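Structure record follows, encoded as structure tokens.
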Amino acid sequence: MNRTLKVLFFALIVRPLVLIGLGLNIVNRNGLPTSGPSVIAANHNSHLDTLVLMSLFPLAVLDRVRPVAAADYFLSNRFREWFSQSIIGIIPLDRIGGTDTEVLFETCRQALDRNEILILFPEGTRGDPERMSRVRKGICHLLDDREQTPVIPVVMHGLGRALPRGEALLVPFNCDVVIGNPMQIDGRSNEFVKQLTGNFKELFTHCLTRHEDDQDL
Amino acid sequence: MGAVFGLLVLATASRLILAARNFDKDYTELRQRVQSWWWIVGSIFVVLTVSRVAAITFFGFLSFMALKEFLSIVPTRHADRRVIFWAYLAIPMQYYWVYIGWYGMFIVFVPVYLFLFLPMRMVLIGETVGFIKSVALLHWAVMLTVFCLSHVAYLLTLEPLNADAGSIGLVLFLLFSTQFNDICQYIWGKMLGRHKIIPRVSPNKTWEGFIGGFVTTTVCAGWLAPLLTPLSMTQGMIAGVIIAGGGFIGDVVISSVKRDLRIKDSSQLIPGHGGVLDRMDSLLYTAPLFFHYTYFLCY
């Protein structure tokens, strides 16, 4: 039942919205993983980020694409909880703190063990529209002893303009989705965070809708 | 219509011959280009034959896609999101005037009322840094993509004076001549092109291409006009001159926009062509020019 709803939601609402309401310029679409375990690390500006990323996957794979999302926000009321868990299929993550790091990522690890594709926003928050915040180390803790799991960096631009944080009115804009080459964690988290930040910067240069004087980096 | 399909078949055939002759070259873009042409021509014929409402809605949708593309590639301020939303709302209104055939409103709505309204809405937001640029950019975008383009749709509202062609004759004439001129300028330029017109804007534009396309389009328009429009042969040739000249200017104006932004295509919407703006750049100029020329002569 929920699976049907999910497919219908994506086929009839999300895809038309993304294709007509927004419009995507996709670079290196074939770089998206078709099977897990893998992690997509993307920048975060808007609620649309998750929907856009998920809309790029074939409907048959959709079930195995799991966005990791803030428990404090997405489980905050019953409708939101049902929608996030059943329709989108999020993996809730406690970002307030207090949970032990090992326990924190347990569900994510289980998902990876089931060969699922995780969508992760290493900035941890949507932040100011179209501005990149600092990349955090959580992703390294998650992949601590899973060096073989590929991390695919993805950069999106324009979605923070279409639907920024705190706004309910969606204004149509074309958006860029630039998919990078898979990366592997080599154990040192500082090194990896630096690499990932560097890759994000490089991917931003492929955007059609971005300008050099944009202060998003 | 038959002639257009003939041309498409010719294009596909020459593409296949080219591909068969040179195995090693990559013709993906050419293949995509010709394939997309089939789709564009096919969908235009379908909407034009279905009904007038379908066709007007279709051109309204094109306006929306073009405006969206334009506003996506130029720098906009975050504060202007709501103003931009109003600019989008102008599209259904403008095309509604087209639908009911209210000529006066159609002609003043964007240049007068929207022109006065958008800055006011922007003032209410209160962000003054970059105000002039923002307001000018937005109005230029709406004029090009909504006002200019809606002239194509208004051709459908004009009373059909050429009984054989019906109301879609003028639209077919305009679209065909404009795109035919683009292609002819390109082909003549490829074959003979030597002397560049404006190398800083568009290095592929040559005098040979321009003049070749100009002559071909003028002759062709003179032949087509009596079949599709109320214009006589001579009037049709002048229409061809207007379309060839206007099309060239539209093309290089949009080229300059892209050059300024340092991008090649305005989006990836149409495989092999780029975005709607890339495909319609010349139409933005030819549509109002041809419309008012015909309107002055016949209505």
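Just so we're on the same page: first chain in the structure tokens is A, next is B, and so on; residues restart at 1 for each chain, and ligands are numbered from 1 in the order they show up.
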
| request: Show me which bits of chain A are within 6 Å of chain B, counting only C-alpha atoms, as an NGL selection string. | output: :A and (25 or 171 or 173-174 or 209)

Which residues come within 9 Å of His139 of chain B, counting only C-alpha atoms, excluding same-chain residues fewer than 4 positions away, as a PDB file with N, CA and C atoms, in the first residue's frame?
ATOM      1  N   ALA B  87       5.748  37.943 -12.193  1.00  0.00           N
ATOM      2  CA  ALA B  87       6.110  37.950 -13.617  1.00  0.00           C
ATOM      3  C   ALA B  87       5.595  36.674 -14.290  1.00  0.00           C
ATOM      4  N   VAL B 110       1.891  44.182 -21.129  1.00  0.00           N
ATOM      5  CA  VAL B 110       3.265  44.020 -20.638  1.00  0.00           C
ATOM      6  C   VAL B 110       4.037  45.348 -20.674  1.00  0.00           C
ATOM      7  N   PRO B 111       4.022  46.050 -21.820  1.00  0.00           N
ATOM      8  CA  PRO B 111       4.833  47.274 -21.869  1.00  0.00           C
ATOM      9  C   PRO B 111       4.327  48.399 -20.965  1.00  0.00           C
ATOM     10  N   LEU B 114       2.371  45.978 -16.699  1.00  0.00           N
ATOM     11  CA  LEU B 114       3.354  45.170 -15.987  1.00  0.00           C
ATOM     12  C   LEU B 114       4.626  45.982 -15.722  1.00  0.00           C
ATOM     13  N   PHE B 115       4.955  46.814 -16.706  1.00  0.00           N
ATOM     14  CA  PHE B 115       6.125  47.688 -16.585  1.00  0.00           C
ATOM     15  C   PHE B 115       6.003  48.582 -15.353  1.00  0.00           C
ATOM     16  N   LEU B 118       5.610  45.846 -11.732  1.00  0.00           N
ATOM     17  CA  LEU B 118       6.712  45.069 -11.150  1.00  0.00           C
ATOM     18  C   LEU B 118       7.635  45.902 -10.244  1.00  0.00           C
ATOM     19  N   SER B 134      17.912  44.912 -11.160  1.00  0.00           N
ATOM     20  CA  SER B 134      16.919  43.874 -10.994  1.00  0.00           C
ATOM     21  C   SER B 134      15.655  44.166 -11.782  1.00  0.00           C
ATOM     22  N   VAL B 135      15.176  45.397 -11.643  1.00  0.00           N
ATOM     23  CA  VAL B 135      13.909  45.761 -12.258  1.00  0.00           C
ATOM     24  C   VAL B 135      14.075  45.796 -13.781  1.00  0.00           C
ATOM     25  N   MET B 143       9.490  41.103 -21.469  1.00  0.00           N
ATOM     26  CA  MET B 143       9.232  41.626 -22.809  1.00  0.00           C
ATOM     27  C   MET B 143       9.643  40.604 -23.869  1.00  0.00           C
ATOM     28  N   LEU B 144      10.823  40.052 -23.721  1.00  0.00           N
ATOM     29  CA  LEU B 144      11.324  39.102 -24.722  1.00  0.00           C
ATOM     30  C   LEU B 144      10.510  37.817 -24.746  1.00  0.00           C
TER      31      LEU B 144
END

| request: Measuring atom to atom with only C-alpha atoms, identify which of A:Ser76, A:Gln148, A:Ser86, A:Thr34 is nearest to Glu116 of chain A. | output: A:Thr34

Do a neighbour search on Leu104 of chain A at 9 Å with only C-alpha atoms, toss out local chain neighbours closer than 6 positions, and write the hits as a PDB file with C-alpha atoms, in the first residue's frame.
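Output below, filename part38.pdb:
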ATOM      1  CA  LEU A  93      19.005  10.785  12.581  1.00  0.00           C
ATOM      2  CA  ASP A  94      19.270  12.419  15.981  1.00  0.00           C
ATOM      3  CA  ARG A  95      21.223  15.611  15.375  1.00  0.00           C
ATOM      4  CA  LEU A 142      29.363   6.351   9.443  1.00  0.00           C
TER       5      LEU A 142
END

| query | Which residues in segment 14-73 of chain A does DSSP call strand (DSSP E or B)? List them as an MDAnalysis selection string. | reply | chainID A and resid 24:27 38:42 65:70

| said: One decimal, in Å: what's the spacing between atom CA of Gly126 of chain B and atom CA of Thr125 of chain A? | reply: 28.0 Å

| message | So that I can check the surroundings of Asn181 of chain B, please list as an MDAnalysis selection string every protein, DNA and RNA residue that reaches within 8 Å of it, counting only C-alpha atoms and ignoring chain neighbours fewer than 4 positions away. | response | chainID B and resid 177 185 213:214 216:217 243:244 247

Produce a file of the selected residues containing C-alpha atoms, as a PDB file, in the first residue's frame.
ATOM      1  CA  SER B 177      10.529  30.993 -42.395  1.00  0.00           C
ATOM      2  CA  GLN B 185      22.352  30.848 -42.576  1.00  0.00           C
ATOM      3  CA  GLY B 213      20.303  32.700 -45.784  1.00  0.00           C
ATOM      4  CA  PHE B 214      18.828  36.121 -46.512  1.00  0.00           C
ATOM      5  CA  THR B 216      17.150  31.850 -49.746  1.00  0.00           C
ATOM      6  CA  THR B 217      14.614  32.922 -47.130  1.00  0.00           C
ATOM      7  CA  ILE B 243      12.329  37.609 -40.977  1.00  0.00           C
ATOM      8  CA  ALA B 244      15.876  37.016 -42.226  1.00  0.00           C
ATOM      9  CA  GLY B 247      16.061  36.401 -37.032  1.00  0.00           C
TER      10      GLY B 247
END

| task | Tell me, in Å to one decimal, how far atom CA of Ile87 of chain A is from atom CA of Val65 of chain A. | result |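 Result for atom CA of Ile87 of chain A versus atom CA of Val65 of chain A: 11.6 Å, one decimal.
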
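Atom to atom, atom CA of Leu143 of chain A and atom CA of Ile90 of chain A stand 18.4 Å apart.
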